[in-house]
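Shown below: query.txt, with compact mmCIF, C-alpha atoms.
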```txt
# COMPACT_ATOMS: atom_id res chain seq x y z
CA MET A 11 149.61 117.04 138.80
CA LYS A 12 149.46 118.07 135.17
CA PHE A 13 148.34 114.56 134.36
CA LEU A 14 145.54 114.82 136.94
CA ILE A 15 144.35 118.18 135.58
CA GLY A 16 144.44 116.80 132.04
CA GLN A 17 142.49 113.75 133.09
CA PHE A 18 139.92 115.92 134.89
CA ALA A 19 139.53 118.13 131.81
CA ALA A 20 139.06 115.09 129.58
CA THR A 21 136.47 113.63 131.94
CA ALA A 22 134.62 116.95 132.09
CA ALA A 23 134.62 117.19 128.29
CA VAL A 24 133.17 113.69 127.95
CA GLY A 25 130.58 114.50 130.63
CA ALA A 26 129.54 117.65 128.78
CA ALA A 27 129.32 115.75 125.51
CA VAL A 28 127.12 113.11 127.12
CA ALA A 29 124.93 115.78 128.70
CA LEU A 30 124.51 117.58 125.37
CA ALA A 31 123.88 114.41 123.37
CA PRO A 32 120.23 113.80 122.48
CA PRO A 33 118.56 111.32 124.82
CA VAL A 34 118.06 107.97 123.17
CA ALA A 35 115.60 106.56 125.69
CA MET A 36 112.61 108.34 124.18
CA ALA A 37 112.46 106.34 120.98
CA HIS A 38 109.70 103.79 121.28
CA SER A 39 109.07 100.33 119.95
CA LEU A 40 106.17 97.89 120.27
CA LYS A 41 107.95 96.43 123.29
CA ASP A 42 107.97 99.87 124.94
CA VAL A 43 104.27 100.34 124.21
CA GLN A 44 103.53 96.94 125.78
CA GLN A 45 105.52 97.83 128.88
CA ASP A 46 103.77 101.16 129.13
CA LEU A 47 100.39 99.42 128.89
CA PHE A 48 101.41 96.90 131.55
CA ASP A 49 102.18 99.87 133.81
CA LYS A 50 99.19 102.08 133.03
CA GLU A 51 96.34 100.10 131.46
CA ARG A 52 94.88 97.66 133.96
CA TYR A 53 92.53 96.16 131.33
CA PHE A 54 95.36 95.20 128.95
CA GLU A 55 96.40 91.56 128.65
CA SER A 56 99.25 90.41 126.45
CA ARG A 57 98.71 87.15 124.50
CA SER A 58 100.96 85.20 122.17
CA GLU A 59 99.30 82.40 120.26
CA PRO A 60 97.83 81.77 116.82
CA ALA A 61 94.28 83.15 116.59
CA SER A 62 91.55 80.63 115.79
CA GLU A 63 90.79 80.79 112.11
CA PHE A 64 87.25 81.57 110.98
CA ALA A 65 85.35 81.55 107.70
CA LEU A 66 82.13 83.55 108.00
CA GLN A 67 80.14 85.98 105.88
CA ASP A 68 79.04 89.61 105.99
CA ALA A 69 75.49 90.98 105.72
CA ALA A 70 75.58 90.75 101.92
CA GLY A 71 76.70 87.10 102.04
CA ASN A 72 80.30 87.83 101.01
CA PRO A 73 82.74 85.34 102.53
CA VAL A 74 85.22 86.78 105.02
CA ASP A 75 87.94 84.71 106.66
CA LEU A 76 90.74 85.55 109.04
CA GLU A 77 93.39 84.27 106.64
CA GLY A 78 92.27 86.87 104.12
CA LEU A 79 92.99 89.62 106.68
CA ARG A 80 96.65 88.61 107.15
CA SER A 81 98.02 91.95 106.05
CA LYS A 82 96.05 93.90 108.67
CA VAL A 83 95.78 94.36 112.39
CA VAL A 84 92.39 92.89 113.32
CA VAL A 85 90.32 94.35 116.16
CA LEU A 86 87.79 91.62 116.95
CA HIS A 87 84.83 91.46 119.30
CA PHE A 88 81.69 89.38 119.79
CA ILE A 89 78.21 90.81 120.41
CA TYR A 90 74.62 90.22 119.38
CA ALA A 91 72.17 92.90 118.32
CA GLY A 92 69.42 91.94 120.77
CA CYS A 93 71.78 92.30 123.74
CA PRO A 94 70.21 94.90 126.04
CA ASP A 95 73.16 96.02 128.15
CA VAL A 96 76.91 95.76 127.50
CA CYS A 97 76.97 94.88 123.77
CA PRO A 98 75.75 98.29 122.56
CA LEU A 99 78.25 100.00 124.86
CA HIS A 100 81.00 97.72 123.55
CA ALA A 101 80.03 98.55 119.97
CA ASP A 102 80.06 102.27 120.83
CA ARG A 103 83.57 101.91 122.25
CA ILE A 104 84.86 100.07 119.16
CA GLY A 105 83.20 102.75 117.01
CA GLU A 106 85.13 105.37 118.96
CA VAL A 107 88.42 103.52 118.38
CA GLN A 108 87.64 103.07 114.67
CA GLU A 109 87.09 106.81 114.32
CA MET A 110 90.43 107.54 116.03
CA VAL A 111 92.35 105.02 113.92
CA ASN A 112 90.76 106.32 110.74
CA GLU A 113 92.04 109.82 111.48
CA THR A 114 95.57 108.50 110.88
CA PRO A 115 97.43 106.77 108.02
CA MET A 116 96.69 103.49 109.86
CA LYS A 117 93.21 103.49 108.29
CA ASP A 118 94.17 101.08 105.50
CA ARG A 119 96.11 98.78 107.79
CA VAL A 120 93.48 97.94 110.39
CA GLN A 121 90.29 95.88 110.07
CA PHE A 122 87.53 96.04 112.69
CA VAL A 123 85.52 92.83 112.90
CA THR A 124 82.31 92.35 114.88
CA ILE A 125 80.88 88.82 115.02
CA THR A 126 77.32 88.08 116.09
CA THR A 127 76.82 85.32 118.61
CA ASP A 128 73.13 85.11 117.67
CA PRO A 129 73.11 84.35 113.94
CA GLU A 130 69.47 83.23 114.03
CA ARG A 131 68.04 86.58 115.13
CA ASP A 132 70.75 88.78 113.61
CA THR A 133 69.49 88.63 110.04
CA PRO A 134 71.32 90.46 107.22
CA GLU A 135 68.94 93.42 107.70
CA VAL A 136 69.81 93.60 111.40
CA LEU A 137 73.54 93.40 110.64
CA GLU A 138 73.28 96.17 108.06
CA GLY A 139 71.42 98.52 110.38
CA TYR A 140 73.56 97.97 113.47
CA GLY A 141 76.85 99.74 112.68
CA PRO A 142 75.80 103.32 111.92
CA VAL A 143 73.73 103.50 115.12
CA HIS A 144 76.90 102.75 117.12
CA GLY A 145 79.37 104.93 115.25
CA LEU A 146 80.80 101.97 113.31
CA ASP A 147 81.52 102.84 109.70
CA PRO A 148 80.78 99.93 107.32
CA THR A 149 82.04 101.91 104.31
CA THR A 150 85.68 101.82 105.44
CA ASN A 151 87.22 99.15 107.64
CA TRP A 152 84.46 97.64 109.77
CA VAL A 153 82.48 94.50 109.03
CA PHE A 154 79.71 92.67 110.96
CA LEU A 155 79.95 88.91 110.40
CA THR A 156 77.61 85.98 110.87
CA SER A 157 77.91 82.25 110.29
CA GLY A 158 75.50 82.01 107.35
CA PRO A 159 72.61 79.58 106.79
CA ASP A 160 74.72 76.51 105.99
CA LYS A 161 76.51 76.37 109.32
CA PRO A 162 75.31 75.20 112.75
CA GLU A 163 73.58 77.92 114.76
CA ASP A 164 76.21 77.84 117.50
CA THR A 165 79.18 78.27 115.10
CA THR A 166 80.08 81.78 116.20
CA ARG A 167 79.55 81.06 119.91
CA LYS A 168 81.94 78.11 119.60
CA LEU A 169 84.40 80.43 117.89
CA ALA A 170 84.00 82.96 120.71
CA GLU A 171 84.73 80.18 123.21
CA LYS A 172 88.08 79.64 121.47
CA PHE A 173 88.82 83.27 122.32
CA GLY A 174 88.05 82.58 125.98
CA HIS A 175 84.37 83.51 126.18
CA LYS A 176 81.80 81.49 128.10
CA PHE A 177 78.10 81.68 127.28
CA ILE A 178 74.98 81.15 129.33
CA VAL A 179 71.96 81.24 127.00
CA SER A 180 68.57 81.72 128.68
CA ASP A 181 65.18 80.65 127.29
CA GLY A 182 64.39 84.08 125.88
CA GLY A 183 67.60 84.06 123.82
CA TYR A 184 69.40 86.30 126.29
CA GLN A 185 73.13 85.51 126.37
CA THR A 186 75.41 86.19 129.29
CA HIS A 187 79.01 86.52 128.13
CA SER A 188 82.19 88.44 128.82
CA VAL A 189 83.20 91.72 127.16
CA VAL A 190 86.63 91.51 125.59
CA THR A 191 88.27 93.20 122.58
CA HIS A 192 90.79 90.88 120.91
CA ILE A 193 93.76 92.11 118.90
CA ILE A 194 95.24 89.92 116.15
CA ASP A 195 98.41 91.01 114.39
CA GLN A 196 99.23 90.96 110.66
CA ASN A 197 100.57 87.41 110.94
CA GLY A 198 97.42 85.95 112.49
CA GLN A 199 98.80 85.98 116.03
CA TRP A 200 96.39 86.76 118.84
CA VAL A 201 98.56 89.31 120.65
CA ALA A 202 96.33 91.09 123.17
CA ASN A 203 93.01 91.45 124.93
CA PHE A 204 91.50 94.66 126.22
CA HIS A 205 89.00 93.60 128.87
CA GLY A 206 85.65 95.22 129.59
CA LEU A 207 84.64 98.74 128.71
CA GLY A 208 86.93 100.64 131.06
CA PHE A 209 90.10 100.67 128.96
CA GLU A 210 91.33 103.98 127.66
CA PRO A 211 90.63 104.12 123.89
CA THR A 212 93.91 105.95 123.18
CA ASN A 213 95.78 103.01 124.74
CA LEU A 214 94.20 100.62 122.25
CA VAL A 215 95.04 103.04 119.42
CA LEU A 216 98.67 103.22 120.61
CA PHE A 217 98.93 99.44 120.72
CA ILE A 218 97.52 99.18 117.19
CA ASN A 219 100.04 101.82 116.11
CA GLY A 220 102.85 99.82 117.69
CA LEU A 221 101.76 96.79 115.67
CA THR A 222 101.43 98.65 112.38
CA ASN A 223 104.95 100.01 112.83
CA ALA A 224 106.39 96.69 114.02
CA ASN A 225 105.22 94.79 110.95
CA VAL A 226 105.62 96.99 107.93
CA PRO A 227 104.65 95.71 104.47
CA HIS A 228 106.99 93.36 102.74
CA HIS A 229 109.88 94.71 100.77
CA GLU A 230 111.90 92.62 98.37
CA GLU A 231 115.16 91.53 99.94
CA PRO A 232 118.34 91.95 97.90
CA ALA A 233 119.53 88.85 96.10
CA SER A 234 120.77 86.45 98.73
CA LEU A 235 123.95 84.38 98.63
CA TRP A 236 121.74 81.35 97.99
CA ASP A 237 120.10 83.04 94.99
CA ARG A 238 123.44 84.17 93.63
CA VAL A 239 124.90 80.63 93.92
CA ARG A 240 121.78 79.13 92.31
CA SER A 241 121.89 81.72 89.54
CA LEU A 242 125.58 80.96 88.88
CA LEU A 243 124.83 77.22 88.77
CA GLN A 244 121.96 77.75 86.32
CA GLU A 245 124.14 79.97 84.15
CA SER A 246 126.96 77.44 84.14
CA THR A 247 124.49 74.63 83.26
CA ARG A 248 123.17 76.69 80.34
CA ASN A 249 126.72 77.40 79.10
CA THR A 250 127.61 73.71 79.31
CA SER A 251 124.55 72.60 77.36
CA ASN A 252 125.25 75.21 74.66
CA MET M 277 129.29 63.08 113.14
CA LEU M 278 130.86 66.52 113.62
CA ALA M 279 131.25 66.82 109.88
CA GLY M 280 127.57 66.00 109.45
CA LEU M 281 126.62 68.59 112.04
CA GLY M 282 128.81 71.14 110.30
CA LEU M 283 127.22 70.37 106.92
CA GLY M 284 123.78 70.61 108.49
CA MET M 285 124.58 74.04 109.93
CA VAL M 286 125.92 75.25 106.60
CA GLY M 287 122.75 73.94 104.95
CA MET M 288 120.60 75.74 107.50
CA SER M 289 122.47 78.98 106.97
CA PHE M 290 121.86 78.69 103.20
CA ALA M 291 118.20 77.85 103.80
CA ALA M 292 117.62 80.73 106.25
CA VAL M 293 117.29 83.45 103.62
CA PRO M 294 114.95 81.51 101.27
CA LEU M 295 112.89 80.50 104.31
CA TYR M 296 112.70 84.15 105.39
CA ARG M 297 111.58 85.14 101.90
CA LEU M 298 109.04 82.33 101.91
CA PHE M 299 107.74 83.71 105.21
CA CYS M 300 107.48 87.16 103.64
CA GLN M 301 105.66 85.78 100.62
CA VAL M 302 103.23 83.88 102.82
CA THR M 303 102.59 86.60 105.35
CA GLY M 304 103.20 89.63 103.18
CA TYR M 305 105.37 91.08 105.93
CA GLY M 306 109.05 91.40 106.30
CA GLY M 307 110.26 94.37 108.22
CA THR M 308 110.03 96.48 111.31
CA THR M 309 110.06 100.23 111.64
CA GLN M 310 113.36 100.82 113.33
CA VAL M 311 114.22 102.36 116.66
CA ALA M 312 117.94 103.01 116.76
CA ALA M 313 120.13 103.60 119.79
CA ALA M 314 122.77 105.55 117.90
CA ALA M 315 123.50 107.34 114.66
CA PRO M 316 124.85 105.31 111.71
CA THR M 317 128.53 105.20 110.90
CA LYS M 318 128.13 105.11 107.09
CA GLN M 319 126.51 107.57 104.71
CA SER M 320 125.50 107.31 101.10
CA GLU M 321 125.71 109.74 98.19
CA ARG M 322 122.01 109.22 97.50
CA ARG M 323 119.81 111.84 99.11
CA ALA M 324 116.21 111.76 100.25
CA THR M 325 113.69 114.43 101.14
CA ILE M 326 111.97 113.91 104.48
CA ARG M 327 108.59 115.59 104.85
CA PHE M 328 106.83 116.04 108.16
CA ASP M 329 103.12 115.87 108.75
CA ALA M 330 101.32 117.04 111.92
CA ASN M 331 97.73 116.15 112.76
CA VAL M 332 95.45 116.32 115.75
CA ALA M 333 92.51 113.99 116.32
CA ALA M 334 88.99 115.38 116.47
CA ASN M 335 89.04 115.24 120.28
CA MET M 336 92.29 117.25 120.58
CA ALA M 337 92.26 121.04 121.06
CA TRP M 338 96.02 121.58 120.64
CA ALA M 339 97.55 123.42 117.72
CA PHE M 340 100.25 121.10 116.38
CA SER M 341 102.58 122.08 113.57
CA ALA M 342 105.25 120.29 111.58
CA PRO M 343 108.79 121.41 110.72
CA LYS M 344 109.77 122.18 107.14
CA PRO M 345 111.00 119.32 104.92
CA VAL M 346 114.70 118.48 105.04
CA GLU M 347 116.95 116.86 102.46
CA LEU M 348 119.58 114.49 103.81
CA ALA M 349 122.07 111.94 102.56
CA LEU M 350 121.10 108.38 103.42
CA GLY M 351 122.71 107.61 106.76
CA GLU M 352 122.94 111.27 107.72
CA THR M 353 121.32 112.16 111.06
CA GLY M 354 118.56 114.76 110.98
CA VAL M 355 117.12 116.70 113.90
CA VAL M 356 113.82 118.55 113.62
CA ALA M 357 111.22 119.78 116.08
CA TYR M 358 107.44 119.72 115.91
CA THR M 359 105.58 122.40 117.88
CA GLY M 360 102.54 121.90 120.08
CA ARG M 361 100.49 124.66 121.70
CA ASN M 362 97.57 124.45 124.07
CA PRO M 363 95.33 127.45 123.27
CA THR M 364 92.70 126.50 125.86
CA ASN M 365 92.42 127.51 129.52
CA ARG M 366 92.72 123.94 130.80
CA PRO M 367 95.66 121.52 130.90
CA ILE M 368 95.56 118.83 128.22
CA LEU M 369 97.46 115.56 128.25
CA GLY M 370 98.28 114.28 124.77
CA THR M 371 99.88 111.24 123.20
CA ALA M 372 100.93 110.73 119.60
CA THR M 373 100.90 107.89 117.12
CA TYR M 374 103.29 107.94 114.17
CA ASN M 375 103.45 106.51 110.66
CA VAL M 376 106.03 106.44 107.91
CA VAL M 377 104.76 106.88 104.35
CA PRO M 378 105.36 104.93 102.16
CA ALA M 379 104.92 102.23 104.78
CA GLN M 380 107.59 100.03 103.18
CA ALA M 381 110.18 102.71 103.93
CA GLY M 382 109.42 102.25 107.64
CA SER M 383 111.95 99.42 107.74
CA TYR M 384 114.69 101.89 106.90
CA PHE M 385 113.47 104.93 108.84
CA ASN M 386 115.34 104.92 112.14
CA LYS M 387 114.31 107.14 115.01
CA ILE M 388 116.97 107.86 117.62
CA GLN M 389 114.77 110.23 119.59
CA CYS M 390 111.01 110.60 119.31
CA PHE M 391 108.08 111.85 121.37
CA CYS M 392 105.60 109.26 120.12
CA PHE M 393 103.64 107.18 122.65
CA THR M 394 104.92 109.26 125.58
CA GLU M 395 102.31 111.27 127.48
CA GLN M 396 102.86 115.00 126.94
CA LEU M 397 101.26 117.63 129.20
CA LEU M 398 100.65 121.15 127.98
CA MET M 399 99.42 123.70 130.48
CA PRO M 400 96.92 126.41 129.45
CA GLY M 401 98.56 128.60 126.82
CA GLU M 402 101.83 126.59 126.90
CA GLU M 403 103.85 125.95 123.76
CA LYS M 404 106.43 123.20 123.55
CA GLU M 405 108.84 121.78 121.01
CA PHE M 406 108.91 118.05 120.35
CA PRO M 407 112.25 117.04 118.81
CA VAL M 408 112.78 114.04 116.54
CA THR M 409 116.25 112.69 115.73
CA PHE M 410 116.37 110.25 112.84
CA PHE M 411 118.23 108.84 109.85
CA VAL M 412 117.38 106.76 106.81
CA ASP M 413 119.35 103.53 106.64
CA PRO M 414 121.53 103.47 103.49
CA ALA M 415 120.39 99.83 103.05
CA ILE M 416 117.26 101.31 101.43
CA GLU M 417 119.38 101.65 98.28
CA ASP M 418 119.49 97.86 97.94
CA ASP M 419 115.71 97.49 98.09
CA PRO M 420 114.41 97.34 94.52
CA ASP M 421 110.86 98.10 95.68
CA LEU M 422 112.02 101.47 96.99
CA ALA M 423 114.44 102.36 94.20
CA SER M 424 112.23 105.21 92.99
CA VAL M 425 111.43 106.58 96.44
CA THR M 426 113.00 109.99 96.93
CA THR M 427 110.57 111.36 99.50
CA ILE M 428 109.59 109.85 102.84
CA THR M 429 106.94 111.37 105.09
CA LEU M 430 106.91 111.08 108.86
CA SER M 431 103.40 111.67 110.12
CA TYR M 432 102.25 112.21 113.72
CA THR M 433 98.73 112.42 115.12
CA PHE M 434 98.14 113.74 118.64
CA PHE M 435 95.19 112.48 120.70
CA ASP M 436 93.73 113.94 123.89
CA LYS M 437 94.14 111.28 126.58
CA GLY M 438 91.12 112.54 128.47
CA PRO M 439 90.39 113.71 132.04
CA GLU M 440 91.06 110.43 133.85
CA ALA M 441 94.54 110.01 132.32
CA LEU M 442 95.24 113.69 133.02
CA GLU M 443 94.30 113.22 136.67
CA ASN M 444 96.54 110.14 136.96
CA TYR M 445 99.42 111.93 135.23
CA MET M 446 99.14 114.92 137.55
CA ALA M 447 99.03 112.70 140.62
CA SER M 448 102.04 110.65 139.52
CA HIS M 449 104.06 113.77 138.63
CA GLY M 450 103.18 115.65 141.81
CA ILE M 451 101.24 118.37 140.00
CA LYS M 452 98.56 119.76 142.27
CA ALA M 453 95.26 121.27 141.20
CA ALA M 454 96.27 124.52 142.94
CA GLU M 455 99.33 124.83 140.66
CA LEU M 456 97.12 124.37 137.62
CA LYS M 457 94.76 127.10 138.84
CA GLU M 458 97.80 129.34 139.36
CA GLN M 459 98.86 128.65 135.77
CA GLU M 460 95.39 129.42 134.48
CA ARG M 461 95.46 132.99 135.91
```
In structure tokens, what does this structure look like?
Amino acid sequence: MKFLIGQFAATAAVGAAVALAPPVAMAHSLKDVQQDLFDKERYFESRSEPASEFALQDAAGNPVDLEGLRSKVVVLHFIYAGCPDVCPLHADRIGEVQEMVNETPMKDRVQFVTITTDPERDTPEVLEGYGPVHGLDPTTNWVFLTSGPDKPEDTTRKLAEKFGHKFIVSDGGYQTHSVVTHIIDQNGQWVANFHGLGFEPTNLVLFINGLTNANVPHHEEPASLWDRVRSLLQESTRNTSN
Amino acid sequence: MLAGLGLGMVGMSFAAVPLYRLFCQVTGYGGTTQVAAAAPTKQSERRATIRFDANVAANMAWAFSAPKPVELALGETGVVAYTGRNPTNRPILGTATYNVVPAQAGSYFNKIQCFCFTEQLLMPGEEKEFPVTFFVDPAIEDDPDLASVTTITLSYTFFDKGPEALENYMASHGIKAAELKEQER
């Protein structure tokens, strides 16, 4: 009987300790954010493949390529300035997300990239004037890219097709295409799409935050066993030659 | 053949670290902000000051305040609580992003409990504490890039999730509009 009472008391003590212990389930990782988005954000699509590389230029003619953005989360979308319907709304939405991201320490770790699919009409002057009208801030981490005069006119549309877009170009230059925001991680992996304009901006910001915390900047690893062995070998070679 | 396989595996194990470092050099990345399931078993004599930063986005009406800084030994578990208050007469659903500064220290900053990413509802006039349980991995001592770091800042920013998310949250949690009106009185 005593044994039973003792056992009951021990069990109760463990139960109380477990009940008082802080819950561990509330700590969140990128995986948790993804699962949450699967559950709540119907416009979220997870991807896992290398993003198509590009080498384009900004309004001032400065070269910009995806490889050069390796240290940042890239928020990429395709529009053209003459687009009368969804493109301006898409640009407004990206401008909204840029403003939210730039209110946090993520500002320096995210690059917003807009690429024109109509390089002929979207001259440098058009590119320069487009951002501020749509809440996109060119002075921080947003850039509007075009193919430049030396490349075929359809360069950026072909690039967009590699990201899953399909184009129907009418005689008047009107382009019918899908509305998708692509997310590329710091290692050049295309990791997500947010489709259309109906996604919740905070969900995109949370996903970006998950990525910035999942891939933190490089820190020097302590000397490895390999380095220590190599260093010993070099030292012993030096001693022998002396 | 087995000997060859064994030698190959040994070779691979030696090559793994240089290959990892090569990856880091190429990509510039090499760590992950940690989410731990339990407190560490080892502590260090080295101490670090942890500062806490609380922000709200432009669209968020909450008052959100940070706890005072704490000084801990590396490996020692800390528990603090942020405070959020909804001063308006309407319910607001919020969600927070977080960042560790300097960013490189994120690899060693382990959160056991955190409110980030989870939707948080504050009723009109409600105040709530948001606890964070954490520790700094003593392995930070072996990172030469962080040898001079004595202060780490944990920063949170709360965003308003908006009316649609609020409506969905209320529906999924069985909160009725009538209850909200009752709260507002």
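The residue that comes closest to A:Ile125, out of A:Pro94, A:Gly182, A:Lys176, A:Phe64 and on the basis of all atoms listed in the file, is A:Phe64.
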### Task
Counting all atoms listed in the file, figure out which residue out of A:Asp147, A:Glu63, A:Glu171, A:Glu138 gets nearest to A:Ile104.
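Checking each candidate against A:Ile104, we get A:Asp147 as the closest.
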#### Entry: Who sits within 9 Å of A:Val120, all atoms listed in the file, same chain under 5 positions skipped, as a PyMOL selection string
chain A and resi 81-85+108+111-112+151+218+222
Take the residues just selected and output them with C-alpha atoms as a compact mmCIF listing (two decimals), in the frame of the given file.
```txt
# COMPACT_ATOMS: atom_id res chain seq x y z
CA SER A 81 98.02 91.95 106.05
CA LYS A 82 96.05 93.90 108.67
CA VAL A 83 95.78 94.36 112.39
CA VAL A 84 92.39 92.89 113.32
CA VAL A 85 90.32 94.35 116.16
CA GLN A 108 87.64 103.07 114.67
CA VAL A 111 92.35 105.02 113.92
CA ASN A 112 90.76 106.32 110.74
CA ASN A 151 87.22 99.15 107.64
CA ILE A 218 97.52 99.18 117.19
CA THR A 222 101.43 98.65 112.38
```
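Atom to atom, atom CA of M:Asn386 and atom CA of M:Tyr445 stand 28.9 Å apart.
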#### Entry: Contact residues around M:Pro414 with all atoms listed in the file at 8 Å, ignoring same-chain residues under 2 positions, as an MDAnalysis selection string
chainID M and resid 318:320 350:351 384 412 416:417
### Task
Compute the distance from (87.5, 82.6, 126.2) to each atom, counting all atoms listed in the file, keep the residues with any atom at most 12 Å away, and return them as a list in words; use the coordinates of the file.
Ala61, Ser62, His87, Phe88, Arg167, Lys168, Leu169, Ala170, Glu171, Lys172, Phe173, Gly174, His175, Lys176, Phe177, His187, Ser188, Val189, Val190, Thr191, His192, Asn203 and His205 of chain A
### Task
With a distance cut-off of 6 Å and all atoms listed in the file, select the neighbouring residues of stretch 331-333 of chain M, excluding the residue or stretch itself and same-chain residues fewer than 2 positions from it, and output the selection as an MDAnalysis selection string.
chainID M and resid 335:336 433:435
### Query
How many Å lie between atom CA of M:Phe340 and atom CA of A:Asp118, rounded to one decimal?
23.6 Å
#### Entry: Shell around stretch 127-131 of chain A at 9 Å using all atoms listed in the file, local window under 4 positions removed, as a PyMOL selection string
chain A and resi 88-92+136+155-159+163-168+170+183+185
Within 8 Å of M:Phe410 using only C-alpha atoms, minus same-chain residues under 2 positions, as a short mmCIF file (atom, residue, chain, number, x, y, z; two decimals) with C-alpha atoms, in the coordinates of the input:
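result-v4.cif, written as the output of this step:
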```
data_model
loop_
_atom_site.label_atom_id
_atom_site.label_comp_id
_atom_site.auth_asym_id
_atom_site.auth_seq_id
_atom_site.Cartn_x
_atom_site.Cartn_y
_atom_site.Cartn_z
CA ALA M 315 123.50 107.34 114.66
CA THR M 353 121.32 112.16 111.06
CA GLY M 354 118.56 114.76 110.98
CA VAL M 355 117.12 116.70 113.90
CA PHE M 385 113.47 104.93 108.84
CA ASN M 386 115.34 104.92 112.14
CA LYS M 387 114.31 107.14 115.01
CA ILE M 388 116.97 107.86 117.62
CA GLN M 389 114.77 110.23 119.59
CA VAL M 408 112.78 114.04 116.54
CA VAL M 412 117.38 106.76 106.81
#
```
### Task
Have a look at atom CA of A:Asp75 and atom CA of A:Leu216 and let me know their distance in Å, one decimal.
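The value is 25.5 Å.
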### Message
Under the rule that all atoms listed in the file are counted, which of A:Val179, A:Leu47, A:Leu86, A:Val74 is the nearest residue to A:Ala101?
### Response
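Result for the nearest residue to A:Ala101: A:Leu86.
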### Query
Got a sec to check which residues sit within 9 Å of (96.6, 95.1, 129.3), counting only C-alpha atoms, and write them as a list in words?
Gln44, Leu47, Phe48, Asp49, Lys50, Glu51, Arg52, Tyr53, Phe54, Glu55, Ser56, Ala202, Asn203, Phe204, His205 and Phe209 of chain A
#### Entry: Top pick for closest residue to chain M, considering A:Asp102, A:Asp68, A:Asp95, A:Asp195 and counting all atoms listed in the file
A:Asp195
Output requested as a compact mmCIF listing (two decimals), in the frame of the given file - stretch 356-370 of chain M, filled out with N, CA and C atoms.
```
# COMPACT_ATOMS: atom_id res chain seq x y z
N VAL M 356 114.86 117.55 113.87
CA VAL M 356 113.82 118.55 113.62
C VAL M 356 112.97 118.66 114.88
N ALA M 357 112.11 119.66 114.92
CA ALA M 357 111.22 119.78 116.08
C ALA M 357 109.81 120.15 115.63
N TYR M 358 108.86 119.36 116.07
CA TYR M 358 107.44 119.72 115.91
C TYR M 358 107.10 120.71 117.03
N THR M 359 106.00 121.45 116.84
CA THR M 359 105.58 122.40 117.88
C THR M 359 104.13 122.14 118.27
N GLY M 360 103.90 122.06 119.58
CA GLY M 360 102.54 121.90 120.08
C GLY M 360 102.18 123.07 120.96
N ARG M 361 100.93 123.53 120.87
CA ARG M 361 100.49 124.66 121.70
C ARG M 361 99.09 124.38 122.21
N ASN M 362 98.89 124.66 123.48
CA ASN M 362 97.57 124.45 124.07
C ASN M 362 96.87 125.81 124.16
N PRO M 363 95.95 126.12 123.27
CA PRO M 363 95.33 127.45 123.27
C PRO M 363 94.16 127.55 124.26
N THR M 364 93.86 126.49 124.97
CA THR M 364 92.70 126.50 125.86
C THR M 364 93.10 126.99 127.26
N ASN M 365 92.13 127.09 128.14
CA ASN M 365 92.42 127.51 129.52
C ASN M 365 92.41 126.33 130.48
N ARG M 366 92.64 125.14 129.95
CA ARG M 366 92.72 123.94 130.80
C ARG M 366 93.92 123.12 130.37
N PRO M 367 94.53 122.39 131.29
CA PRO M 367 95.66 121.52 130.90
C PRO M 367 95.15 120.36 130.04
N ILE M 368 95.95 119.96 129.08
CA ILE M 368 95.56 118.83 128.22
C ILE M 368 96.74 117.87 128.13
N LEU M 369 96.45 116.60 128.37
CA LEU M 369 97.46 115.56 128.25
C LEU M 369 97.29 114.89 126.89
N GLY M 370 98.36 114.86 126.11
CA GLY M 370 98.28 114.28 124.77
C GLY M 370 99.23 113.11 124.60
```
